[in-house]
file query.pdb (PDB, C-alpha atoms)
ATOM      1  CA  MET A 833      48.903 -66.183 -12.837
ATOM      2  CA  ARG A 834      47.502 -68.447 -10.141
ATOM      3  CA  ARG A 835      44.044 -67.820  -8.760
ATOM      4  CA  TYR A 836      43.428 -69.763  -5.544
ATOM      5  CA  VAL A 837      40.113 -71.590  -5.248
ATOM      6  CA  TYR A 838      40.910 -73.260  -1.910
ATOM      7  CA  GLN A 839      43.712 -73.126   0.639
ATOM      8  CA  GLY A 840      43.660 -75.919   3.221
ATOM      9  CA  LYS A 841      45.674 -78.042   5.622
ATOM     10  CA  ILE A 842      47.618 -80.365   3.326
ATOM     11  CA  LEU A 843      46.809 -78.884  -0.069
ATOM     12  CA  SER A 844      45.672 -75.813  -2.000
ATOM     13  CA  LEU A 845      43.842 -75.699  -5.308
ATOM     14  CA  ALA A 846      44.746 -73.024  -7.871
ATOM     15  CA  ILE A 847      43.814 -72.261 -11.464
ATOM     16  CA  GLU A 848      46.812 -71.077 -13.526
ATOM     17  CA  ASP A 849      46.245 -68.793 -16.502
ATOM     18  CA  GLU A 850      42.519 -69.611 -16.253
ATOM     19  CA  HIS A 851      43.322 -73.050 -17.706
ATOM     20  CA  TRP A 852      45.431 -75.428 -15.582
ATOM     21  CA  GLU A 853      43.882 -76.995 -12.469
ATOM     22  CA  ILE A 854      46.797 -77.297 -10.049
ATOM     23  CA  VAL A 855      46.970 -78.839  -6.577
ATOM     24  CA  GLU A 856      49.807 -77.520  -4.437
ATOM     25  CA  HIS A 857      50.555 -80.279  -1.948
ATOM     26  CA  LYS A 858      53.135 -80.888   0.776
ATOM     27  CA  ASP A 859      56.011 -83.140  -0.272
ATOM     28  CA  ALA A 860      56.223 -86.651   1.165
ATOM     29  CA  VAL A 861      58.600 -89.374   2.241
ATOM     30  CA  ALA A 862      58.298 -93.143   1.854
ATOM     31  CA  LEU A 863      60.422 -95.819   3.506
ATOM     32  CA  LEU A 864      61.591 -99.212   2.310
ATOM     33  CA  VAL A 865      62.393-101.438   5.299
ATOM     34  CA  GLN A 866      63.606-104.871   4.200
ATOM     35  CA  ASP A 867      64.754-107.790   6.323
ATOM     36  CA  PRO A 868      66.205-111.031   4.881
ATOM     37  CA  GLU A 869      64.001-113.115   7.201
ATOM     38  CA  ARG A 870      60.765-111.156   7.450
ATOM     39  CA  GLY A 871      60.482-109.513   4.034
ATOM     40  CA  VAL A 872      59.334-105.891   3.614
ATOM     41  CA  LEU A 873      57.472-103.749   6.141
ATOM     42  CA  PHE A 874      54.021-102.539   5.051
ATOM     43  CA  VAL A 875      51.113-100.721   6.630
ATOM     44  CA  ARG A 876      47.502-101.627   5.876
ATOM     45  CA  GLN A 877      45.071 -98.769   6.297
ATOM     46  CA  TYR A 878      41.746 -97.369   5.173
ATOM     47  CA  ARG A 879      42.239 -94.437   2.788
ATOM     48  CA  PRO A 880      39.228 -92.087   2.595
ATOM     49  CA  ALA A 881      40.454 -90.626  -0.714
ATOM     50  CA  VAL A 882      40.192 -93.984  -2.502
ATOM     51  CA  GLY A 883      37.326 -95.343  -0.388
ATOM     52  CA  GLY A 884      39.143 -98.562   0.481
ATOM     53  CA  ARG A 885      42.090-100.248   2.131
ATOM     54  CA  THR A 886      45.579-100.097   0.679
ATOM     55  CA  LEU A 887      48.856-101.858   1.354
ATOM     56  CA  GLU A 888      51.665 -99.295   1.473
ATOM     57  CA  ILE A 889      55.195 -98.921   2.670
ATOM     58  CA  PRO A 890      55.413 -96.409   5.572
ATOM     59  CA  ALA A 891      54.965 -92.863   4.283
ATOM     60  CA  GLY A 892      54.011 -89.389   5.412
ATOM     61  CA  LEU A 893      54.137 -85.693   4.668
ATOM     62  CA  ILE A 894      57.099 -83.372   5.132
ATOM     63  CA  GLU A 895      56.175 -80.524   7.474
ATOM     64  CA  PRO A 896      57.170 -76.911   6.662
ATOM     65  CA  GLY A 897      60.886 -76.375   7.291
ATOM     66  CA  GLU A 898      61.539 -80.082   7.805
ATOM     67  CA  ARG A 899      64.255 -81.902   5.833
ATOM     68  CA  PRO A 900      63.224 -85.081   3.980
ATOM     69  CA  GLU A 901      65.603 -87.139   6.148
ATOM     70  CA  SER A 902      64.062 -85.750   9.368
ATOM     71  CA  ALA A 903      60.529 -86.419   8.119
ATOM     72  CA  ALA A 904      61.550 -89.953   7.140
ATOM     73  CA  ALA A 905      62.951 -90.689  10.611
ATOM     74  CA  ARG A 906      59.856 -89.187  12.285
ATOM     75  CA  GLU A 907      57.361 -91.112  10.128
ATOM     76  CA  LEU A 908      59.202 -94.397  10.597
ATOM     77  CA  ALA A 909      59.125 -93.929  14.372
ATOM     78  CA  GLU A 910      55.440 -92.887  14.338
ATOM     79  CA  GLU A 911      54.141 -95.610  12.027
ATOM     80  CA  ALA A 912      56.373 -98.554  12.891
ATOM     81  CA  GLN A 913      58.299 -97.557  16.045
ATOM     82  CA  LEU A 914      61.531 -98.138  14.138
ATOM     83  CA  GLY A 915      64.688 -96.196  13.369
ATOM     84  CA  GLY A 916      67.746 -96.893  11.256
ATOM     85  CA  ARG A 917      70.312 -95.492   8.844
ATOM     86  CA  LEU A 918      68.615 -93.816   5.881
ATOM     87  CA  GLU A 919      69.779 -94.047   2.254
ATOM     88  CA  ARG A 920      68.013 -91.793  -0.262
ATOM     89  CA  LEU A 921      67.063 -93.995  -3.250
ATOM     90  CA  ALA A 922      65.091 -91.698  -5.544
ATOM     91  CA  GLU A 923      62.682 -88.777  -5.745
ATOM     92  CA  PHE A 924      59.714 -88.376  -8.063
ATOM     93  CA  TYR A 925      56.628 -86.262  -8.724
ATOM     94  CA  VAL A 926      53.557 -88.383  -7.965
ATOM     95  CA  SER A 927      51.462 -86.957 -10.832
ATOM     96  CA  PRO A 928      53.039 -83.860 -12.428
ATOM     97  CA  GLY A 929      50.056 -83.250 -14.702
ATOM     98  CA  PHE A 930      48.171 -81.667 -11.802
ATOM     99  CA  THR A 931      50.182 -81.579  -8.561
ATOM    100  CA  ASP A 932      53.617 -80.486  -7.328
ATOM    101  CA  GLU A 933      53.761 -83.233  -4.679
ATOM    102  CA  LYS A 934      57.194 -84.872  -4.712
ATOM    103  CA  THR A 935      58.006 -88.049  -2.794
ATOM    104  CA  TYR A 936      61.461 -88.879  -1.474
ATOM    105  CA  LEU A 937      62.050 -92.628  -1.170
ATOM    106  CA  PHE A 938      64.521 -93.951   1.407
ATOM    107  CA  ARG A 939      65.907 -97.373   2.193
ATOM    108  CA  VAL A 940      66.292 -98.052   5.926
ATOM    109  CA  HIS A 941      69.439 -99.968   6.871
ATOM    110  CA  ASP A 942      69.913-101.797  10.202
ATOM    111  CA  PRO A 943      66.362-101.162  11.510
ATOM    112  CA  ARG A 944      66.062-100.992  15.281
ATOM    113  CA  PRO A 945      63.286-100.103  17.762
ATOM    114  CA  ALA A 946      62.574 -96.377  18.229
ATOM    115  CA  ALA A 947      60.027 -94.470  20.289
ATOM    116  CA  GLY A 948      57.125 -92.954  18.332
ATOM    117  CA  THR A 949      53.390 -92.337  18.693
ATOM    118  CA  PRO A 950      50.995 -92.946  15.793
ATOM    119  CA  ASP A 951      48.931 -89.998  14.493
ATOM    120  CA  ALA A 952      45.527 -89.890  16.178
ATOM    121  CA  ASP A 953      43.669 -89.937  12.836
ATOM    122  CA  GLU A 954      45.551 -92.904  11.377
ATOM    123  CA  GLU A 955      44.540 -96.503  12.054
ATOM    124  CA  LEU A 956      47.422 -98.605  10.818
ATOM    125  CA  GLU A 957      48.131-102.316  10.818
ATOM    126  CA  VAL A 958      51.859-102.983  10.449
ATOM    127  CA  VAL A 959      52.771-106.214   8.634
ATOM    128  CA  TRP A 960      55.895-107.892   7.212
ATOM    129  CA  LEU A 961      55.257-109.591   3.862
ATOM    130  CA  ASP A 962      57.265-111.307   1.132
ATOM    131  CA  PRO A 963      57.855-108.630  -1.546
ATOM    132  CA  ASP A 964      57.642-111.160  -4.399
ATOM    133  CA  ASP A 965      54.181-112.228  -3.207
ATOM    134  CA  VAL A 966      52.995-108.617  -2.923
ATOM    135  CA  LEU A 967      54.401-107.724  -6.356
ATOM    136  CA  ALA A 968      52.559-110.705  -7.872
ATOM    137  CA  GLY A 969      49.336-109.422  -6.274
ATOM    138  CA  VAL A 970      49.921-105.928  -7.679
ATOM    139  CA  CYS A 971      50.477-107.302 -11.180
ATOM    140  CA  ALA A 972      47.307-109.410 -10.851
ATOM    141  CA  GLY A 973      45.336-106.326  -9.737
ATOM    142  CA  SER A 974      44.336-107.925  -6.416
ATOM    143  CA  VAL A 975      46.470-105.734  -4.110
ATOM    144  CA  GLN A 976      45.945-101.951  -4.028
ATOM    145  CA  VAL A 977      49.192-100.034  -3.565
ATOM    146  CA  SER A 978      50.597 -96.532  -3.852
ATOM    147  CA  ALA A 979      53.138 -95.520  -6.492
ATOM    148  CA  ALA A 980      55.807 -95.238  -3.782
ATOM    149  CA  THR A 981      55.010 -98.783  -2.646
ATOM    150  CA  LEU A 982      55.346-100.240  -6.142
ATOM    151  CA  ILE A 983      58.657 -98.414  -6.559
ATOM    152  CA  GLY A 984      59.824 -99.794  -3.211
ATOM    153  CA  LEU A 985      58.728-103.306  -4.238
ATOM    154  CA  LEU A 986      60.706-103.075  -7.480
ATOM    155  CA  TYR A 987      63.802-101.963  -5.542
ATOM    156  CA  ALA A 988      63.231-104.741  -2.968
ATOM    157  CA  THR A 989      62.886-107.498  -5.562
ATOM    158  CA  GLY A 990      65.597-106.297  -7.971
ATOM    159  CA  ALA A 991      68.595-107.596  -6.068
ATOM    160  CA  GLU A 992      71.069-106.440  -8.712
ATOM    161  CA  ARG A 993      70.490-102.752  -7.984
TER     162      ARG A 993
ATOM    163  CA  MET B1379      29.758 -87.033   3.667
ATOM    164  CA  ARG B1380      31.576 -85.192   0.899
ATOM    165  CA  ARG B1381      31.125 -81.468   0.480
ATOM    166  CA  TYR B1382      32.389 -80.253  -2.899
ATOM    167  CA  VAL B1383      34.534 -77.115  -2.913
ATOM    168  CA  TYR B1384      35.319 -77.207  -6.653
ATOM    169  CA  GLN B1385      34.252 -79.294  -9.636
ATOM    170  CA  GLY B1386      36.385 -78.823 -12.746
ATOM    171  CA  LYS B1387      37.657 -80.353 -15.968
ATOM    172  CA  ILE B1388      40.136 -82.980 -14.787
ATOM    173  CA  LEU B1389      39.554 -82.903 -11.034
ATOM    174  CA  SER B1390      37.164 -82.033  -8.214
ATOM    175  CA  LEU B1391      38.012 -81.055  -4.660
ATOM    176  CA  ALA B1392      35.871 -82.350  -1.789
ATOM    177  CA  ILE B1393      36.031 -82.255   1.988
ATOM    178  CA  GLU B1394      34.950 -85.551   3.563
ATOM    179  CA  ASP B1395      33.462 -85.541   7.081
ATOM    180  CA  GLU B1396      34.695 -81.944   7.446
ATOM    181  CA  HIS B1397      38.233 -83.355   7.811
ATOM    182  CA  TRP B1398      39.773 -85.060   4.770
ATOM    183  CA  GLU B1399      40.825 -82.946   1.777
ATOM    184  CA  ILE B1400      40.202 -85.198  -1.215
ATOM    185  CA  VAL B1401      40.913 -84.637  -4.906
ATOM    186  CA  GLU B1402      38.783 -86.761  -7.231
ATOM    187  CA  HIS B1403      40.812 -87.098 -10.423
ATOM    188  CA  LYS B1404      40.471 -88.981 -13.692
ATOM    189  CA  ASP B1405      42.487 -92.195 -13.868
ATOM    190  CA  ALA B1406      45.529 -92.331 -16.135
ATOM    191  CA  VAL B1407      47.612 -94.579 -18.333
ATOM    192  CA  ALA B1408      51.379 -94.684 -18.822
ATOM    193  CA  LEU B1409      53.329 -96.541 -21.496
ATOM    194  CA  LEU B1410      56.717 -98.237 -21.437
ATOM    195  CA  VAL B1411      58.114 -98.459 -24.978
ATOM    196  CA  GLN B1412      61.497-100.190 -25.032
ATOM    197  CA  ASP B1413      63.707-101.003 -28.012
ATOM    198  CA  PRO B1414      66.957-103.006 -27.761
ATOM    199  CA  GLU B1415      68.783-100.486 -29.971
ATOM    200  CA  ARG B1416      67.250 -97.133 -29.028
ATOM    201  CA  GLY B1417      66.430 -97.569 -25.326
ATOM    202  CA  VAL B1418      63.191 -96.271 -23.804
ATOM    203  CA  LEU B1419      60.821 -93.685 -25.264
ATOM    204  CA  PHE B1420      60.359 -90.513 -23.187
ATOM    205  CA  VAL B1421      58.638 -87.172 -23.596
ATOM    206  CA  ARG B1422      60.156 -83.949 -22.322
ATOM    207  CA  GLN B1423      57.638 -81.262 -21.496
ATOM    208  CA  TYR B1424      56.963 -78.210 -19.378
ATOM    209  CA  ARG B1425      54.585 -79.039 -16.515
ATOM    210  CA  PRO B1426      52.760 -75.988 -15.118
ATOM    211  CA  ALA B1427      51.900 -77.858 -11.892
ATOM    212  CA  VAL B1428      55.570 -78.312 -10.975
ATOM    213  CA  GLY B1429      56.816 -75.130 -12.676
ATOM    214  CA  GLY B1430      59.484 -76.935 -14.674
ATOM    215  CA  ARG B1431      60.363 -79.513 -17.284
ATOM    216  CA  THR B1432      60.072 -83.229 -16.634
ATOM    217  CA  LEU B1433      61.184 -86.371 -18.410
ATOM    218  CA  GLU B1434      58.307 -88.857 -18.506
ATOM    219  CA  ILE B1435      57.210 -91.950 -20.314
ATOM    220  CA  PRO B1436      54.121 -91.250 -22.498
ATOM    221  CA  ALA B1437      51.028 -90.856 -20.322
ATOM    222  CA  GLY B1438      47.556 -89.370 -20.328
ATOM    223  CA  LEU B1439      44.120 -89.384 -18.762
ATOM    224  CA  ILE B1440      41.381 -91.945 -19.275
ATOM    225  CA  GLU B1441      38.244 -90.262 -20.597
ATOM    226  CA  PRO B1442      34.796 -91.139 -19.162
ATOM    227  CA  GLY B1443      33.631 -94.521 -20.448
ATOM    228  CA  GLU B1444      37.023 -95.328 -21.980
ATOM    229  CA  ARG B1445      38.847 -98.588 -21.137
ATOM    230  CA  PRO B1446      42.454 -98.285 -19.945
ATOM    231  CA  GLU B1447      43.664-100.216 -23.015
ATOM    232  CA  SER B1448      41.835 -97.833 -25.378
ATOM    233  CA  ALA B1449      43.217 -94.784 -23.591
ATOM    234  CA  ALA B1450      46.709 -96.279 -23.750
ATOM    235  CA  ALA B1451      46.493 -96.852 -27.515
ATOM    236  CA  ARG B1452      45.080 -93.344 -28.056
ATOM    237  CA  GLU B1453      47.740 -91.606 -25.942
ATOM    238  CA  LEU B1454      50.576 -93.526 -27.588
ATOM    239  CA  ALA B1455      49.310 -92.493 -31.020
ATOM    240  CA  GLU B1456      48.800 -88.860 -29.945
ATOM    241  CA  GLU B1457      52.106 -88.384 -28.126
ATOM    242  CA  ALA B1458      54.473 -90.558 -30.150
ATOM    243  CA  GLN B1459      52.562 -91.572 -33.304
ATOM    244  CA  LEU B1460      53.114 -95.201 -32.351
ATOM    245  CA  GLY B1461      50.976 -98.289 -31.854
ATOM    246  CA  GLY B1462      51.685-101.836 -30.691
ATOM    247  CA  ARG B1463      50.514-104.778 -28.626
ATOM    248  CA  LEU B1464      49.767-103.728 -25.036
ATOM    249  CA  GLU B1465      50.625-105.749 -21.922
ATOM    250  CA  ARG B1466      49.229-104.472 -18.606
ATOM    251  CA  LEU B1467      52.133-104.461 -16.118
ATOM    252  CA  ALA B1468      50.670-102.939 -12.956
ATOM    253  CA  GLU B1469      48.220-100.424 -11.530
ATOM    254  CA  PHE B1470      48.733 -98.086  -8.588
ATOM    255  CA  TYR B1471      47.256 -95.089  -6.783
ATOM    256  CA  VAL B1472      49.556 -92.096  -7.348
ATOM    257  CA  SER B1473      49.070 -90.659  -3.833
ATOM    258  CA  PRO B1474      46.214 -92.335  -1.914
ATOM    259  CA  GLY B1475      46.518 -89.944   1.035
ATOM    260  CA  PHE B1476      44.617 -87.294  -0.920
ATOM    261  CA  THR B1477      43.561 -88.440  -4.396
ATOM    262  CA  ASP B1478      41.785 -91.384  -6.037
ATOM    263  CA  GLU B1479      43.831 -91.091  -9.242
ATOM    264  CA  LYS B1480      44.965 -94.544 -10.360
ATOM    265  CA  THR B1481      47.506 -95.127 -13.123
ATOM    266  CA  TYR B1482      47.561 -98.211 -15.318
ATOM    267  CA  LEU B1483      51.044 -99.003 -16.651
ATOM    268  CA  PHE B1484      51.426-100.876 -19.945
ATOM    269  CA  ARG B1485      54.378-102.306 -21.811
ATOM    270  CA  VAL B1486      54.175-101.811 -25.604
ATOM    271  CA  HIS B1487      55.386-104.773 -27.642
ATOM    272  CA  ASP B1488      56.365-104.575 -31.347
ATOM    273  CA  PRO B1489      55.955-100.763 -31.654
ATOM    274  CA  ARG B1490      55.022 -99.550 -35.133
ATOM    275  CA  PRO B1491      53.983 -96.187 -36.660
ATOM    276  CA  ALA B1492      50.387 -95.104 -36.019
ATOM    277  CA  ALA B1493      48.419 -91.982 -36.951
ATOM    278  CA  GLY B1494      47.792 -89.535 -34.093
ATOM    279  CA  THR B1495      47.623 -85.788 -33.488
ATOM    280  CA  PRO B1496      49.165 -84.217 -30.365
ATOM    281  CA  ASP B1497      46.880 -82.304 -27.974
ATOM    282  CA  ALA B1498      46.877 -78.595 -28.799
ATOM    283  CA  ASP B1499      47.880 -77.626 -25.247
ATOM    284  CA  GLU B1500      50.818 -80.033 -24.994
ATOM    285  CA  GLU B1501      54.288 -79.176 -26.266
ATOM    286  CA  LEU B1502      56.197 -82.427 -26.242
ATOM    287  CA  GLU B1503      59.679 -83.408 -27.291
ATOM    288  CA  VAL B1504      59.900 -87.161 -27.928
ATOM    289  CA  VAL B1505      63.294 -88.734 -27.194
ATOM    290  CA  TRP B1506      64.804 -92.234 -26.941
ATOM    291  CA  LEU B1507      67.263 -92.566 -24.045
ATOM    292  CA  ASP B1508      69.253 -95.303 -22.330
ATOM    293  CA  PRO B1509      67.162 -96.314 -19.283
ATOM    294  CA  ASP B1510      70.255 -97.006 -17.149
ATOM    295  CA  ASP B1511      71.488 -93.446 -17.778
ATOM    296  CA  VAL B1512      68.096 -91.953 -16.908
ATOM    297  CA  LEU B1513      67.799 -94.070 -13.751
ATOM    298  CA  ALA B1514      71.242 -92.904 -12.649
ATOM    299  CA  GLY B1515      70.091 -89.294 -13.142
ATOM    300  CA  VAL B1516      66.944 -89.913 -11.091
ATOM    301  CA  CYS B1517      68.959 -91.434  -8.240
ATOM    302  CA  ALA B1518      71.348 -88.459  -8.369
ATOM    303  CA  GLY B1519      68.401 -86.029  -8.252
ATOM    304  CA  SER B1520      69.360 -84.385 -11.563
ATOM    305  CA  VAL B1521      66.454 -85.705 -13.658
ATOM    306  CA  GLN B1522      62.846 -84.861 -12.712
ATOM    307  CA  VAL B1523      60.450 -87.744 -13.380
ATOM    308  CA  SER B1524      56.933 -88.898 -12.572
ATOM    309  CA  ALA B1525      56.187 -91.922 -10.380
ATOM    310  CA  ALA B1526      54.969 -93.820 -13.452
ATOM    311  CA  THR B1527      58.253 -93.050 -15.210
ATOM    312  CA  LEU B1528      60.374 -94.342 -12.345
ATOM    313  CA  ILE B1529      58.259 -97.501 -12.226
ATOM    314  CA  GLY B1530      58.710 -97.929 -15.986
ATOM    315  CA  LEU B1531      62.474 -97.397 -15.619
ATOM    316  CA  LEU B1532      62.687-100.074 -12.933
ATOM    317  CA  TYR B1533      60.804-102.509 -15.157
ATOM    318  CA  ALA B1534      62.988-101.556 -18.135
ATOM    319  CA  THR B1535      66.267-102.054 -16.283
ATOM    320  CA  GLY B1536      65.262-105.170 -14.301
ATOM    321  CA  ALA B1537      65.796-107.729 -17.045
ATOM    322  CA  GLU B1538      64.789-110.622 -14.804
ATOM    323  CA  ARG B1539      61.166-109.490 -14.558
TER     324      ARG B1539
END
call {"tool": "encode", "arguments": {"input": "query.pdb", "output": "structure tokens"}}
result
Amino acid sequence: MRRYVYQGKILSLAIEDEHWEIVEHKDAVALLVQDPERGVLFVRQYRPAVGGRTLEIPAGLIEPGERPESAAARELAEEAQLGGRLERLAEFYVSPGFTDEKTYLFRVHDPRPAAGTPDADEELEVVWLDPDDVLAGVCAGSVQVSAATLIGLLYATGAER
Amino acid sequence: MRRYVYQGKILSLAIEDEHWEIVEHKDAVALLVQDPERGVLFVRQYRPAVGGRTLEIPAGLIEPGERPESAAARELAEEAQLGGRLERLAEFYVSPGFTDEKTYLFRVHDPRPAAGTPDADEELEVVWLDPDDVLAGVCAGSVQVSAATLIGLLYATGAER
């Protein structure tokens, strides 16, 4: 039995069987955009939840009734004004000990300009970086990334897959 | 300004600036144990938060005042009755859009038996599986994993790293 403590915009908090603290959260998409010349596309942004700036691949939440592929195309247009052919690489629960949030990771093939307007409450800096350099920074603890970003980096640098 | 809606055992829920829904959560460790003969060590378990069973590499929360390395050794002993030399591979925020939870991923070298008692509220099945098979299942959407597990799988199958 789930007793709801809070029901909000992007998440709800419930206690199950008076024991498990569970966050119900919208699912998400993340996008790996890789170019042989420019590297991988990242966004730098301030994240209130962690109280600092992160380097992440483009990502966003799936709205109710939206398919992961549609959310992926929308987020890529909003955050980077890009479109392209989407290949679903993998899906994973971000932290199944406490939340049902699942992220769908896509690779974007043949990226091309697309019309999109950034969310009003997001201040993003879009940058292309060498994935090997970023991965070295992650391993050294000097670059703060999301799980989806590290997964994207490992796909980007593991050419054999 | 953070206004707390809930303060619990493993997490707290706060609203920042009357806008951002933020879950403060303990940090975590995850452990990649790989053997040339047996493959990679996984635990199968029922996860109330996702309402189903997952396949994950051993993982657990860092207790207050505990170092990541100490938590990693403790969790590995509790979940798999194993010890070994720990190498820190990477750290990442699981979902920085809403939570500060960070996971530290370790590789375990020279695994050997160690004394440890499983948590009373965890029912785990410990299994060794071929990481290429599991990765294929993740990509096909037939195996449910955590972000840390997918990251571990990519390290395990990317021999060049």
call {"tool": "interface_residues", "arguments": {"input": "query.pdb", "of": "chain A", "to": "chain B", "cutoff": "8 Å", "atoms": "all atoms listed in the file", "output": "VMD selection string"}}
result
chain A and resid 837 to 838 840 to 843 845 848 852 to 856 879 to 882 921 to 932 970 to 973 976 to 980 982 to 983 986 to 987 990
call {"tool": "resolve_selection", "arguments": {"input": "query.pdb", "expression": "the PyMOL selection byres ((chain A and resi 872-874) around 7)", "output": "list in words"}}
result
Val865, Gln866, Asp867, Arg870, Gly871, Val875, Arg876, Leu887, Glu888, Ile889, Pro890, Val958, Val959, Trp960, Leu961, Asp962 and Pro963 of chain A
call {"tool": "atom_distance", "arguments": {"input": "query.pdb", "atom1": "atom CA of B:Ala1455", "atom2": "atom CA of B:Gly1494"}}
result
4.5 Å
call {"tool": "atom_distance", "arguments": {"input": "query.pdb", "atom1": "atom CA of A:Leu918", "atom2": "atom CA of A:Arg899"}}
result
12.7 Å
call {"tool": "resolve_selection", "arguments": {"input": "query.pdb", "expression": "the PyMOL selection byres ((chain A and resi 905) around 10)", "output": "list in words"}}
result
Val861, Leu863, Pro900, Glu901, Ser902, Ala903, Ala904, Arg906, Glu907, Leu908, Ala909, Glu910, Gln913, Leu914, Gly915, Gly916, Arg917, Leu918, Phe938, Val940, Ala946 and Gly948 of chain A
call {"tool": "closest_residue", "arguments": {"input": "query.pdb", "among": "B:Gln1385, B:Asp1405, B:Glu1501, B:Glu1465", "to": "B:His1487", "atoms": "only C-alpha atoms"}}
result
B:Glu1465
call {"tool": "axis_aligned_box", "arguments": {"input": "query.pdb", "around": "stretch 954-973 of chain A", "padding_each_side": "3 Å", "output": "lines of an AutoDock Vina configuration file"}}
result
center_x = 51.2
center_y = -102.6
center_z = 0.4
size_x = 19.3
size_y = 25.3
size_z = 29.2
